[in-house]
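Q: Sharing query-v2.cif here; it has mmCIF, C-alpha atoms.
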```cif
data_upload
#
loop_
_atom_site.group_PDB
_atom_site.id
_atom_site.type_symbol
_atom_site.label_atom_id
_atom_site.label_comp_id
_atom_site.auth_asym_id
_atom_site.auth_seq_id
_atom_site.Cartn_x
_atom_site.Cartn_y
_atom_site.Cartn_z
ATOM 1 C CA MET E 30 104.937 109.000 135.954
ATOM 2 C CA ASN E 31 104.873 109.260 132.168
ATOM 3 C CA VAL E 32 107.149 106.609 130.680
ATOM 4 C CA LEU E 33 108.231 106.360 127.042
ATOM 5 C CA ILE E 34 109.400 102.927 125.906
ATOM 6 C CA THR E 35 111.138 102.844 122.540
ATOM 7 C CA GLY E 36 110.873 99.425 120.939
ATOM 8 C CA GLY E 37 108.000 98.879 123.339
ATOM 9 C CA THR E 38 106.381 96.016 121.473
ATOM 10 C CA GLY E 39 109.545 93.942 121.382
ATOM 11 C CA PHE E 40 109.927 91.070 123.838
ATOM 12 C CA ILE E 41 111.613 93.027 126.637
ATOM 13 C CA GLY E 42 109.760 96.263 125.866
ATOM 14 C CA ALA E 43 106.382 94.546 126.205
ATOM 15 C CA LEU E 44 107.386 93.074 129.572
ATOM 16 C CA LEU E 45 108.507 96.478 130.825
ATOM 17 C CA ALA E 46 105.346 98.129 129.512
ATOM 18 C CA ARG E 47 103.246 95.596 131.411
ATOM 19 C CA MET E 48 105.233 96.196 134.603
ATOM 20 C CA HIS E 49 104.850 99.976 134.361
ATOM 21 C CA VAL E 50 101.116 99.740 133.647
ATOM 22 C CA GLN E 51 100.732 97.533 136.739
ATOM 23 C CA ASN E 52 102.615 100.181 138.755
ATOM 24 C CA GLY E 53 100.136 102.829 137.626
ATOM 25 C CA ASP E 54 102.423 104.669 135.226
ATOM 26 C CA ASN E 55 101.224 106.258 131.995
ATOM 27 C CA VAL E 56 103.012 104.309 129.278
ATOM 28 C CA VAL E 57 103.743 105.504 125.752
ATOM 29 C CA ILE E 58 105.131 102.896 123.379
ATOM 30 C CA PHE E 59 107.163 104.189 120.439
ATOM 31 C CA ASP E 60 107.851 101.605 117.765
ATOM 32 C CA ILE E 61 108.570 101.586 114.045
ATOM 33 C CA ALA E 62 106.608 98.368 113.475
ATOM 34 C CA PRO E 63 104.383 97.675 116.493
ATOM 35 C CA ASN E 64 103.750 93.999 117.210
ATOM 36 C CA MET E 65 100.345 94.289 118.842
ATOM 37 C CA THR E 66 100.135 90.605 119.746
ATOM 38 C CA ARG E 67 102.760 91.130 122.451
ATOM 39 C CA ILE E 68 100.696 93.802 124.211
ATOM 40 C CA ASP E 69 97.115 92.675 123.563
ATOM 41 C CA ASP E 70 96.376 92.452 127.279
ATOM 42 C CA ILE E 71 97.445 96.062 127.968
ATOM 43 C CA SER E 72 96.678 97.758 124.638
ATOM 44 C CA ALA E 73 93.808 99.731 126.170
ATOM 45 C CA ASP E 74 96.118 101.000 128.931
ATOM 46 C CA VAL E 75 98.968 102.366 126.798
ATOM 47 C CA GLU E 76 99.452 104.924 124.064
ATOM 48 C CA ILE E 77 101.067 103.558 120.932
ATOM 49 C CA VAL E 78 102.967 105.880 118.620
ATOM 50 C CA ARG E 79 104.354 104.565 115.368
ATOM 51 C CA GLY E 80 107.634 106.282 114.637
ATOM 52 C CA ASN E 81 111.255 105.987 113.631
ATOM 53 C CA LEU E 82 114.126 106.610 116.048
ATOM 54 C CA ALA E 83 116.254 107.759 113.120
ATOM 55 C CA TYR E 84 114.252 111.004 113.167
ATOM 56 C CA ALA E 85 114.984 112.909 116.363
ATOM 57 C CA ALA E 86 112.043 115.248 115.737
ATOM 58 C CA GLU E 87 109.616 112.325 116.012
ATOM 59 C CA VAL E 88 111.046 111.339 119.384
ATOM 60 C CA ASN E 89 111.147 114.947 120.600
ATOM 61 C CA ASN E 90 107.509 115.440 119.611
ATOM 62 C CA VAL E 91 106.414 112.378 121.594
ATOM 63 C CA VAL E 92 108.413 113.505 124.643
ATOM 64 C CA ARG E 93 106.787 116.949 124.442
ATOM 65 C CA ASP E 94 103.241 115.809 123.597
ATOM 66 C CA TYR E 95 103.072 113.218 126.375
ATOM 67 C CA ALA E 96 105.148 115.148 128.971
ATOM 68 C CA VAL E 97 107.505 112.177 129.308
ATOM 69 C CA ASP E 98 109.389 111.903 132.608
ATOM 70 C CA ARG E 99 111.423 108.788 131.834
ATOM 71 C CA ILE E 100 112.632 107.084 128.659
ATOM 72 C CA LEU E 101 113.423 103.378 128.462
ATOM 73 C CA HIS E 102 115.355 103.025 125.227
ATOM 74 C CA LEU E 103 115.025 99.525 123.745
ATOM 75 C CA GLY E 104 114.592 100.412 120.093
ATOM 76 C CA SER E 105 117.098 99.122 117.586
ATOM 77 C CA MET E 106 117.477 98.532 113.879
ATOM 78 C CA LEU E 107 115.103 95.925 112.507
ATOM 79 C CA SER E 108 116.884 92.868 111.202
ATOM 80 C CA ALA E 109 113.715 91.394 109.715
ATOM 81 C CA PRO E 110 110.210 92.747 109.100
#
```
Could you rewrite the structure in this file as structure tokens?

A:
Amino acid sequence: MNVLITGGTGFIGALLARMHVQNGDNVVIFDIAPNMTRIDDISADVEIVRGNLAYAAEVNNVVRDYAVDRILHLGSMLSAP
């Protein structure tokens, strides 16, 4: 299954990404400011797309380009850089 996780390098997103990688899913992480330290152990097993949820076209392009089957939406507005 192709899974898109918005906010995928946040605390919960990184845990879910790890779980889906372990289950054999193809994981795409979509994040405006990826925190790579949270996913160092699985960075070779996921696709990381830097993007902004405020632009629907960016999300639509990722869904199309990676043939996404499921979206786990955890992205939110950044309160601090």

Q: Which residues are near segment 48-51 of chain E? Cut-off 10 Å, all atoms listed in the file, ignore same chain within fewer than 3 positions. Put them as a PDB file with C-alpha atoms, keeping the file's coordinate frame.

A:
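Final output, saved to around_20.pdb:
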```pdb
ATOM      1  CA  MET E  30     104.937 109.000 135.954  1.00  0.00           C
ATOM      2  CA  ASN E  31     104.873 109.260 132.168  1.00  0.00           C
ATOM      3  CA  VAL E  32     107.149 106.609 130.680  1.00  0.00           C
ATOM      4  CA  GLY E  42     109.760  96.263 125.866  1.00  0.00           C
ATOM      5  CA  ALA E  43     106.382  94.546 126.205  1.00  0.00           C
ATOM      6  CA  LEU E  44     107.386  93.074 129.572  1.00  0.00           C
ATOM      7  CA  LEU E  45     108.507  96.478 130.825  1.00  0.00           C
ATOM      8  CA  ASP E  54     102.423 104.669 135.226  1.00  0.00           C
ATOM      9  CA  ASN E  55     101.224 106.258 131.995  1.00  0.00           C
ATOM     10  CA  VAL E  56     103.012 104.309 129.278  1.00  0.00           C
ATOM     11  CA  ILE E  71      97.445  96.062 127.968  1.00  0.00           C
ATOM     12  CA  ASP E  74      96.118 101.000 128.931  1.00  0.00           C
ATOM     13  CA  VAL E  75      98.968 102.366 126.798  1.00  0.00           C
TER      14      VAL E  75
END
```

Q: Rank nothing, just name the residue among E:Val57, E:Leu103, E:Val91, E:Leu33 nearest to Ala73 of chain E, using only C-alpha atoms.

A: E:Val57

Q: Please write the residues picked by the PyMOL selection byres ((chain E and resi 104) around 9) on this file as a PDB file with C-alpha atoms, in the frame of the given file.

A:
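As a result, expr.pdb now contains:
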```pdb
ATOM      1  CA  ILE E  34     109.400 102.927 125.906  1.00  0.00           C
ATOM      2  CA  THR E  35     111.138 102.844 122.540  1.00  0.00           C
ATOM      3  CA  GLY E  36     110.873  99.425 120.939  1.00  0.00           C
ATOM      4  CA  GLY E  37     108.000  98.879 123.339  1.00  0.00           C
ATOM      5  CA  GLY E  39     109.545  93.942 121.382  1.00  0.00           C
ATOM      6  CA  GLY E  42     109.760  96.263 125.866  1.00  0.00           C
ATOM      7  CA  PHE E  59     107.163 104.189 120.439  1.00  0.00           C
ATOM      8  CA  ASP E  60     107.851 101.605 117.765  1.00  0.00           C
ATOM      9  CA  ILE E  61     108.570 101.586 114.045  1.00  0.00           C
ATOM     10  CA  LEU E  82     114.126 106.610 116.048  1.00  0.00           C
ATOM     11  CA  LEU E 101     113.423 103.378 128.462  1.00  0.00           C
ATOM     12  CA  HIS E 102     115.355 103.025 125.227  1.00  0.00           C
ATOM     13  CA  LEU E 103     115.025  99.525 123.745  1.00  0.00           C
ATOM     14  CA  SER E 105     117.098  99.122 117.586  1.00  0.00           C
ATOM     15  CA  MET E 106     117.477  98.532 113.879  1.00  0.00           C
ATOM     16  CA  LEU E 107     115.103  95.925 112.507  1.00  0.00           C
TER      17      LEU E 107
END
```

Q: What gap, in Å, lies between atom CA of Val92 of chain E and atom CA of Asp69 of chain E?

A: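 Rounded to one decimal, the two atoms are 23.7 Å apart.
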
Q: Just need the box for segment 35-43 of chain E, edges along x, y and z, holding every atom the file lists for it with 6 Å tacked onto each side, so centre and edge lengths in Å to one decimal, as JSON.

A:
```
{"center_x": 109.0, "center_y": 97.0, "center_z": 123.8, "size_x": 17.2, "size_y": 23.8, "size_z": 17.7}
```

Q: Mind pulling up the distance from atom CA of Ile41 of chain E to atom CA of Asn64 of chain E?

A: 12.3 Å

Q: What is the atom CA of Pro63 of chain E-atom CA of Phe40 of chain E distance in Å, reported with one decimal?

A: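 Atom-to-atom, atom CA of Pro63 of chain E and atom CA of Phe40 of chain E are spaced 11.3 Å apart.
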
Q: Of the candidates E:Tyr95, E:Asn52, E:Arg67, E:Thr38, which shows the shortest atom-to-atom distance to Arg79 of chain E, using only C-alpha atoms?

A: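 Among the listed residues, E:Thr38 lies closest to Arg79 of chain E.
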